[in-house]
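Colleague: Contents of query.cif (mmCIF, C-alpha atoms and all ligand atoms) are below:
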data_coords
loop_
_atom_site.label_atom_id
_atom_site.label_comp_id
_atom_site.auth_asym_id
_atom_site.auth_seq_id
_atom_site.Cartn_x
_atom_site.Cartn_y
_atom_site.Cartn_z
CA MET A 1 -22.12 19.55 33.19
CA ASN A 2 -21.82 23.26 32.38
CA ASP A 3 -23.16 24.87 29.24
CA HIS A 4 -19.80 24.87 27.51
CA ALA A 5 -19.18 21.18 27.92
CA HIS A 6 -21.12 20.16 24.86
CA ALA A 7 -20.82 16.42 24.55
CA MET A 8 -19.38 15.90 21.07
CA THR A 9 -19.84 12.69 19.24
CA LEU A 10 -16.72 10.84 18.17
CA SER A 11 -17.08 12.01 14.57
CA GLU A 12 -17.64 15.64 15.67
CA ARG A 13 -14.46 15.41 17.70
CA ALA A 14 -12.58 13.99 14.74
CA ASP A 15 -13.87 16.81 12.51
CA ALA A 16 -12.91 19.42 15.10
CA LEU A 17 -9.43 17.96 15.41
CA GLU A 18 -9.05 17.90 11.65
CA GLU A 19 -10.20 21.53 11.46
CA HIS A 20 -7.73 22.45 14.19
CA MET A 21 -4.92 20.71 12.33
CA THR A 22 -5.83 22.51 9.11
CA HIS A 23 -5.47 25.83 10.94
CA GLU A 24 -2.19 24.80 12.54
CA LEU A 25 -0.60 24.03 9.21
CA GLU A 26 1.00 26.75 7.21
CA ARG A 27 -0.84 25.44 4.20
CA ILE A 28 -4.32 24.07 3.78
CA VAL A 29 -4.88 20.39 3.13
CA ILE A 30 -7.74 19.51 0.84
CA LYS A 31 -8.51 15.83 0.77
CA SER A 32 -8.73 13.97 -2.53
CA ALA A 33 -12.13 12.61 -3.49
CA LEU A 34 -10.91 9.09 -2.74
CA PHE A 35 -10.00 10.00 0.85
CA ASN A 36 -13.44 11.52 1.30
CA LEU A 37 -15.16 8.52 -0.28
CA ALA A 38 -13.39 6.37 2.31
CA ASP A 39 -15.15 8.48 4.94
CA GLY A 40 -18.47 7.98 3.21
CA LYS A 41 -18.52 11.50 1.79
CA THR A 42 -19.31 12.28 -1.81
CA ASN A 43 -19.18 16.06 -1.52
CA ASP A 44 -16.26 18.39 -2.25
CA ASP A 45 -15.83 20.97 0.53
CA THR A 46 -12.90 22.85 -1.05
CA GLY A 47 -14.85 26.12 -1.20
CA GLU A 48 -15.86 25.99 2.46
CA VAL A 49 -12.36 25.10 3.66
CA LEU A 50 -10.88 27.97 1.62
CA ALA A 51 -13.48 30.36 3.05
CA ARG A 52 -12.56 29.34 6.59
CA ASN A 53 -8.84 29.92 5.95
CA PRO A 54 -8.50 33.33 4.28
CA GLY A 55 -5.00 34.25 3.16
CA LYS A 56 -3.62 30.72 3.41
CA PHE A 57 -2.20 28.75 0.52
CA LEU A 58 -2.91 25.16 -0.42
CA VAL A 59 -0.43 22.30 -0.09
CA MET A 60 1.39 21.99 -3.39
CA LYS A 61 4.25 19.76 -2.31
CA GLU A 62 5.17 18.33 1.08
CA ASP A 63 2.59 17.65 3.73
CA ARG A 64 4.43 18.75 6.85
CA ARG A 65 2.59 16.26 9.04
CA LEU A 66 4.41 13.42 7.26
CA PRO A 67 8.07 12.43 7.61
CA LYS A 68 10.30 14.41 5.28
CA MET A 69 11.50 12.51 2.24
CA PRO A 70 14.99 12.96 0.83
CA ALA A 71 15.52 14.83 -2.42
CA LYS A 72 16.11 11.56 -4.29
CA PRO A 73 14.05 8.93 -2.49
CA THR A 74 14.72 5.23 -2.79
CA LEU A 75 12.43 2.25 -2.27
CA ILE A 76 13.91 1.96 1.21
CA ASP A 77 12.90 5.56 1.99
CA TYR A 78 9.32 4.70 1.11
CA PHE A 79 9.53 1.66 3.41
CA LYS A 80 10.82 3.84 6.24
CA SER A 81 8.79 7.02 5.77
CA ARG A 82 5.62 6.21 3.90
CA PHE A 83 4.53 2.59 4.25
CA THR A 84 2.15 2.29 7.15
CA SER A 85 2.84 -1.36 7.89
CA THR A 86 5.96 -3.18 6.87
CA ALA A 87 6.02 -6.09 9.34
CA HIS A 88 3.79 -8.21 7.10
CA LEU A 89 6.01 -7.60 4.06
CA LEU A 90 9.22 -8.22 5.96
CA GLN A 91 7.94 -11.39 7.60
CA SER A 92 6.64 -12.78 4.29
CA ALA A 93 10.01 -12.11 2.64
CA ALA A 94 11.84 -13.64 5.62
CA LEU A 95 9.73 -16.77 5.30
CA ALA A 96 10.52 -17.04 1.59
CA LYS A 97 14.23 -16.57 2.33
CA LYS A 98 14.17 -19.23 5.04
CA ALA A 99 12.46 -21.64 2.64
CA GLY A 100 15.37 -21.13 0.23
CA HIS A 101 13.45 -19.50 -2.59
CA SER A 102 15.13 -17.44 -5.32
CA GLU A 103 15.88 -13.76 -4.85
CA LYS A 104 13.12 -12.91 -7.32
CA VAL A 105 10.59 -14.76 -5.18
CA ILE A 106 11.94 -13.12 -2.02
CA LEU A 107 11.61 -9.65 -3.58
CA ALA A 108 8.12 -10.50 -4.87
CA CYS A 109 7.16 -11.42 -1.29
CA LEU A 110 8.76 -8.26 0.08
CA LEU A 111 6.78 -6.14 -2.37
CA HIS A 112 3.55 -8.11 -2.74
CA ASP A 113 1.44 -5.76 -0.59
CA VAL A 114 3.19 -2.42 -1.21
CA ALA A 115 -0.11 -1.04 -2.42
CA VAL A 116 -1.81 -1.93 0.87
CA SER A 117 1.10 -0.49 2.83
CA GLY A 118 1.36 2.78 0.99
CA PHE A 119 -1.48 3.37 -1.41
CA ILE A 120 -4.79 1.56 -1.50
CA ARG A 121 -6.33 -1.78 -0.49
CA CYS A 122 -8.95 -2.42 -3.17
CA ASP A 123 -7.36 -4.37 -6.04
CA HIS A 124 -4.00 -3.96 -4.31
CA GLY A 125 -2.31 -6.67 -6.39
CA TYR A 126 -2.99 -4.71 -9.58
CA TRP A 127 -1.93 -1.37 -8.12
CA GLY A 128 1.17 -2.88 -6.51
CA ALA A 129 2.23 -4.57 -9.74
CA GLN A 130 1.86 -1.32 -11.67
CA MET A 131 3.84 0.59 -9.07
CA ILE A 132 6.84 -1.73 -9.32
CA GLU A 133 6.59 -2.81 -12.97
CA PRO A 134 9.13 -0.37 -14.44
CA TYR A 135 11.71 -1.24 -11.79
CA VAL A 136 11.68 -5.05 -11.49
CA ASP A 137 11.85 -8.18 -13.62
CA GLU A 138 8.49 -8.93 -15.26
CA GLU A 139 8.27 -12.20 -13.31
CA ILE A 140 8.13 -10.23 -10.05
CA SER A 141 5.45 -7.73 -11.08
CA TRP A 142 3.44 -10.48 -12.76
CA ALA A 143 3.47 -12.47 -9.53
CA VAL A 144 2.42 -9.47 -7.44
CA ARG A 145 -0.52 -8.87 -9.80
CA ALA A 146 -1.50 -12.54 -9.79
CA HIS A 147 -1.47 -12.95 -6.02
CA GLN A 148 -4.58 -10.75 -5.94
CA ALA A 149 -6.55 -13.65 -7.43
CA LEU A 150 -4.48 -16.68 -6.44
CA ARG A 151 -4.85 -16.14 -2.69
CA PHE A 152 -8.56 -17.00 -2.93
CA PHE A 153 -7.91 -20.41 -4.51
CA PRO A 154 -6.19 -23.39 -2.88
CA ASP A 155 -3.39 -25.37 -4.47
CA GLU A 156 -2.97 -28.66 -2.66
CA SER A 157 0.18 -29.50 -4.66
CA VAL A 158 2.13 -26.88 -2.69
CA GLY A 159 0.07 -27.06 0.49
CA TYR A 160 -1.79 -23.78 0.03
CA GLN A 161 -5.26 -23.72 1.52
CA TYR A 162 -7.94 -21.04 1.51
CA PRO A 163 -6.86 -18.79 4.42
CA GLU A 164 -8.80 -19.28 7.64
CA ALA A 165 -8.37 -15.55 8.18
CA TYR A 166 -10.49 -14.86 5.10
CA THR A 167 -13.39 -16.88 6.49
CA LYS A 168 -13.07 -14.83 9.67
CA TRP A 169 -12.72 -11.47 7.91
CA PHE A 170 -15.12 -11.84 4.99
CA GLY A 171 -17.58 -14.43 6.30
CA PRO A 172 -18.07 -18.06 5.28
CA ASP A 173 -20.23 -17.13 2.27
CA PHE A 174 -17.77 -14.78 0.61
CA GLN A 175 -17.21 -15.50 -3.09
CA PRO A 176 -14.59 -13.72 -5.21
CA GLU A 177 -15.93 -11.54 -8.03
CA PRO A 178 -16.15 -13.17 -11.48
CA TYR A 179 -13.21 -11.08 -12.77
CA VAL A 180 -11.09 -12.55 -9.98
CA VAL A 181 -12.13 -16.09 -10.94
CA ASP A 182 -11.19 -15.36 -14.57
CA GLU A 183 -7.87 -13.88 -13.49
CA TYR A 184 -7.17 -17.02 -11.45
CA LYS A 185 -7.84 -19.27 -14.45
CA ARG A 186 -5.50 -17.21 -16.63
CA ALA A 187 -2.82 -17.16 -13.93
CA ARG A 188 -3.06 -20.93 -13.45
CA ALA A 189 -1.99 -21.43 -17.07
CA HIS A 190 0.79 -18.84 -17.03
CA LYS A 191 4.52 -19.63 -17.11
CA TYR A 192 5.09 -17.63 -13.93
CA TYR A 193 2.23 -19.28 -12.07
CA MET A 194 4.44 -20.77 -9.37
CA THR A 195 6.08 -17.41 -8.56
CA GLY A 196 2.65 -15.93 -7.90
CA ARG A 197 1.65 -19.03 -5.97
CA LEU A 198 4.76 -18.77 -3.79
CA ILE A 199 3.69 -15.28 -2.77
CA THR A 200 0.44 -16.71 -1.43
CA LEU A 201 2.29 -19.55 0.26
CA ASN A 202 4.59 -17.14 2.11
CA ASP A 203 1.85 -14.60 2.73
CA LEU A 204 1.37 -14.60 6.46
CA TYR A 205 -2.26 -14.12 7.29
CA SER A 206 -1.75 -14.25 11.02
CA PHE A 207 1.68 -12.81 11.45
CA ASP A 208 3.66 -12.79 14.63
CA PRO A 209 3.65 -9.29 16.16
CA ASP A 210 6.81 -10.13 18.12
CA ALA A 211 8.93 -11.43 15.26
CA LYS A 212 11.52 -8.82 14.36
CA VAL A 213 12.79 -8.72 10.79
CA ASP A 214 15.05 -5.91 9.66
CA LEU A 215 14.69 -4.23 6.31
CA GLU A 216 18.51 -4.33 6.24
CA ASP A 217 18.25 -8.11 5.73
CA PHE A 218 16.95 -7.36 2.23
CA THR A 219 19.04 -4.35 1.22
CA ASP A 220 21.29 -6.46 -0.99
CA ILE A 221 18.39 -8.18 -2.75
CA ILE A 222 16.71 -4.80 -3.34
CA GLY A 223 20.02 -3.46 -4.66
CA ARG A 224 20.39 -6.36 -7.09
CA HIS A 225 16.79 -6.57 -8.33
CA PHE A 226 15.09 -3.18 -7.93
CA LYS A 227 16.24 -0.62 -10.50
CA GLN A 228 16.48 2.51 -8.42
CA PRO A 229 16.08 5.54 -10.72
CA LYS A 230 18.93 8.04 -10.34
CA GLU A 231 16.48 10.98 -10.17
CA GLY A 232 14.73 9.43 -7.16
CA LEU A 233 11.79 7.01 -7.08
CA GLY A 234 8.79 9.06 -8.20
CA LEU A 235 10.89 11.84 -9.71
CA ASP A 236 11.85 9.79 -12.75
CA ASN A 237 9.65 9.56 -15.81
CA SER A 238 8.64 5.91 -15.60
CA PRO A 239 4.99 4.99 -16.33
CA SER A 240 4.33 4.62 -12.59
CA ALA A 241 6.45 7.47 -11.19
CA HIS A 242 3.26 9.47 -10.49
CA MET A 243 2.04 6.75 -8.16
CA TRP A 244 5.18 7.05 -6.03
CA ARG A 245 4.89 10.85 -6.10
CA THR A 246 1.33 10.55 -4.86
CA MET A 247 2.59 8.54 -1.88
CA MET A 248 5.31 11.10 -1.30
CA TRP A 249 2.90 14.09 -1.55
CA PRO A 250 -0.55 12.57 -0.93
CA THR A 251 -2.27 15.88 -0.18
CA ARG A 252 -0.84 17.96 -3.00
CA PHE A 253 -3.82 19.94 -4.30
CA LEU A 254 -3.13 19.13 -7.94
FE FE B 301 -2.00 -9.23 -0.75
FE FE B 302 -0.03 -10.21 2.07
#
Take the structure in this file and express it as structure tokens.
Ligand SMILES: [Fe+2]
Ligand SMILES: [Fe+2]

Modeller:
Amino acid sequence: MNDHAHAMTLSERADALEEHMTHELERIVIKSALFNLADGKTNDDTGEVLARNPGKFLVMKEDRRLPKMPAKPTLIDYFKSRFTSTAHLLQSAALAKKAGHSEKVILACLLHDVAVSGFIRCDHGYWGAQMIEPYVDEEISWAVRAHQALRFFPDESVGYQYPEAYTKWFGPDFQPEPYVVDEYKRARAHKYYMTGRLITLNDLYSFDPDAKVDLEDFTDIIGRHFKQPKEGLGLDNSPSAHMWRTMMWPTRFL
């Protein structure tokens, strides 16, 4: 090994690549605190990054590493250009359709994990419900919120059992937080309980990587039940438009 071939650790290599990418971009990307927290970092390195990139401006709109979004994006554009994994959503919706459930239930299944796909995992049912709330029937957003808690609790009457995958992922001793237990009890007594429950029933925990479901299969249902804002999803002034904008421009400095 010569002197120049310094053996970098994996994280050093990742940092170097990130640094390289920052330099390659016309504008500088500063990560949000949340992105840094996900890397176990609690510091803000804005000052250092700016010092290393004199004369460059910060990202204040598009992040050119991401697919370009149209001027007036629709829900389908987010599916195609922002959501990191759509197979799970599509397969869950396909299962609900095959079982003959209502269009509201099918759309609830199609959207139940939008937060995981495009935004954040922790408390994804709550985030997802908020994201879609202004654009769908309250039964749909209620069900998306409730599935966060319901999926941890079996309901023998419809054949829903505690997912084996959860035992594998979280360990046999995992217990939901008390706020989740309380949410479950409230949901159990709610008039839309079964809609939320049907999300969990059609939620595929071990989905088939080979099954192909097209988003086009659901275009009509989206058209009938998702109120697409004329300004573009995220560019309207709904109470959750900012959440869609954040997915569209996740590295905008402010
Ligand atoms: Fe979920
Ligand atoms: Fe899911």

Colleague: Got a sec to check which residues lie within 8 Å of ligand FE 302 (chain B), using all atoms listed in the file, and send them as a ChimeraX atom specification?

Modeller: /A:88-89,92,112-113,199-200,203-205

Colleague: Next, write the just-selected residues to a file, as a PDB file, in the frame of the given file, keeping C-alpha atoms as the atom set.

Modeller:
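Below is the file selection03.pdb, written as the result:
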ATOM      1  CA  HIS A  88       3.790  -8.210   7.100  1.00  0.00           C
ATOM      2  CA  LEU A  89       6.010  -7.600   4.060  1.00  0.00           C
ATOM      3  CA  SER A  92       6.640 -12.780   4.290  1.00  0.00           C
ATOM      4  CA  HIS A 112       3.550  -8.110  -2.740  1.00  0.00           C
ATOM      5  CA  ASP A 113       1.440  -5.760  -0.590  1.00  0.00           C
ATOM      6  CA  ILE A 199       3.690 -15.280  -2.770  1.00  0.00           C
ATOM      7  CA  THR A 200       0.440 -16.710  -1.430  1.00  0.00           C
ATOM      8  CA  ASP A 203       1.850 -14.600   2.730  1.00  0.00           C
ATOM      9  CA  LEU A 204       1.370 -14.600   6.460  1.00  0.00           C
ATOM     10  CA  TYR A 205      -2.260 -14.120   7.290  1.00  0.00           C
TER      11      TYR A 205
END

Colleague: Using all atoms listed in the file, which protein or nucleic acid residues are at most 12 Å from ligand FE 301 (chain B), as a PDB file with C-alpha atoms, in the coordinates of the input?

Modeller:
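File produced: selection_38.pdb:
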ATOM      1  CA  HIS A  88       3.790  -8.210   7.100  1.00  0.00           C
ATOM      2  CA  LEU A  89       6.010  -7.600   4.060  1.00  0.00           C
ATOM      3  CA  SER A  92       6.640 -12.780   4.290  1.00  0.00           C
ATOM      4  CA  ALA A 108       8.120 -10.500  -4.870  1.00  0.00           C
ATOM      5  CA  CYS A 109       7.160 -11.420  -1.290  1.00  0.00           C
ATOM      6  CA  LEU A 110       8.760  -8.260   0.080  1.00  0.00           C
ATOM      7  CA  LEU A 111       6.780  -6.140  -2.370  1.00  0.00           C
ATOM      8  CA  HIS A 112       3.550  -8.110  -2.740  1.00  0.00           C
ATOM      9  CA  ASP A 113       1.440  -5.760  -0.590  1.00  0.00           C
ATOM     10  CA  VAL A 114       3.190  -2.420  -1.210  1.00  0.00           C
ATOM     11  CA  ALA A 115      -0.110  -1.040  -2.420  1.00  0.00           C
ATOM     12  CA  VAL A 116      -1.810  -1.930   0.870  1.00  0.00           C
ATOM     13  CA  SER A 117       1.100  -0.490   2.830  1.00  0.00           C
ATOM     14  CA  ILE A 120      -4.790   1.560  -1.500  1.00  0.00           C
ATOM     15  CA  ARG A 121      -6.330  -1.780  -0.490  1.00  0.00           C
ATOM     16  CA  CYS A 122      -8.950  -2.420  -3.170  1.00  0.00           C
ATOM     17  CA  ASP A 123      -7.360  -4.370  -6.040  1.00  0.00           C
ATOM     18  CA  HIS A 124      -4.000  -3.960  -4.310  1.00  0.00           C
ATOM     19  CA  GLY A 125      -2.310  -6.670  -6.390  1.00  0.00           C
ATOM     20  CA  TYR A 126      -2.990  -4.710  -9.580  1.00  0.00           C
ATOM     21  CA  TRP A 127      -1.930  -1.370  -8.120  1.00  0.00           C
ATOM     22  CA  GLY A 128       1.170  -2.880  -6.510  1.00  0.00           C
ATOM     23  CA  ALA A 129       2.230  -4.570  -9.740  1.00  0.00           C
ATOM     24  CA  ALA A 143       3.470 -12.470  -9.530  1.00  0.00           C
ATOM     25  CA  VAL A 144       2.420  -9.470  -7.440  1.00  0.00           C
ATOM     26  CA  ARG A 145      -0.520  -8.870  -9.800  1.00  0.00           C
ATOM     27  CA  ALA A 146      -1.500 -12.540  -9.790  1.00  0.00           C
ATOM     28  CA  HIS A 147      -1.470 -12.950  -6.020  1.00  0.00           C
ATOM     29  CA  GLN A 148      -4.580 -10.750  -5.940  1.00  0.00           C
ATOM     30  CA  ALA A 149      -6.550 -13.650  -7.430  1.00  0.00           C
ATOM     31  CA  LEU A 150      -4.480 -16.680  -6.440  1.00  0.00           C
ATOM     32  CA  ARG A 151      -4.850 -16.140  -2.690  1.00  0.00           C
ATOM     33  CA  PHE A 152      -8.560 -17.000  -2.930  1.00  0.00           C
ATOM     34  CA  PRO A 163      -6.860 -18.790   4.420  1.00  0.00           C
ATOM     35  CA  TYR A 166     -10.490 -14.860   5.100  1.00  0.00           C
ATOM     36  CA  GLY A 196       2.650 -15.930  -7.900  1.00  0.00           C
ATOM     37  CA  ARG A 197       1.650 -19.030  -5.970  1.00  0.00           C
ATOM     38  CA  ILE A 199       3.690 -15.280  -2.770  1.00  0.00           C
ATOM     39  CA  THR A 200       0.440 -16.710  -1.430  1.00  0.00           C
ATOM     40  CA  LEU A 201       2.290 -19.550   0.260  1.00  0.00           C
ATOM     41  CA  ASN A 202       4.590 -17.140   2.110  1.00  0.00           C
ATOM     42  CA  ASP A 203       1.850 -14.600   2.730  1.00  0.00           C
ATOM     43  CA  LEU A 204       1.370 -14.600   6.460  1.00  0.00           C
ATOM     44  CA  TYR A 205      -2.260 -14.120   7.290  1.00  0.00           C
TER      45      TYR A 205
END

Colleague: So that I can check the surroundings of segment 75-78 of chain A, please list as an NGL selection string every protein, DNA and RNA residue that reaches within 10 Å of it, counting only C-alpha atoms and ignoring chain neighbours fewer than 2 positions away.

Modeller: :A and (68-70 or 72-73 or 80-84 or 114 or 117-118 or 132 or 215-216 or 218-219 or 222-223 or 226-229 or 232-234 or 244 or 247-248)

Colleague: Of the candidates A:Phe153, A:Phe79, A:Phe174, A:Tyr160, which shows the shortest atom-to-atom distance to Arg188 of chain A, using all atoms listed in the file?

Modeller: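 Of the candidates, the smallest distance to Arg188 of chain A is held by A:Phe153.
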
Colleague: Please determine, counting only C-alpha atoms, which residue among A:Lys168, A:Lys61, A:Lys56, A:His225 has the shortest atom-to-atom distance to Glu139 of chain A.

Modeller: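 Under the stated criterion, the closest residue is A:His225.
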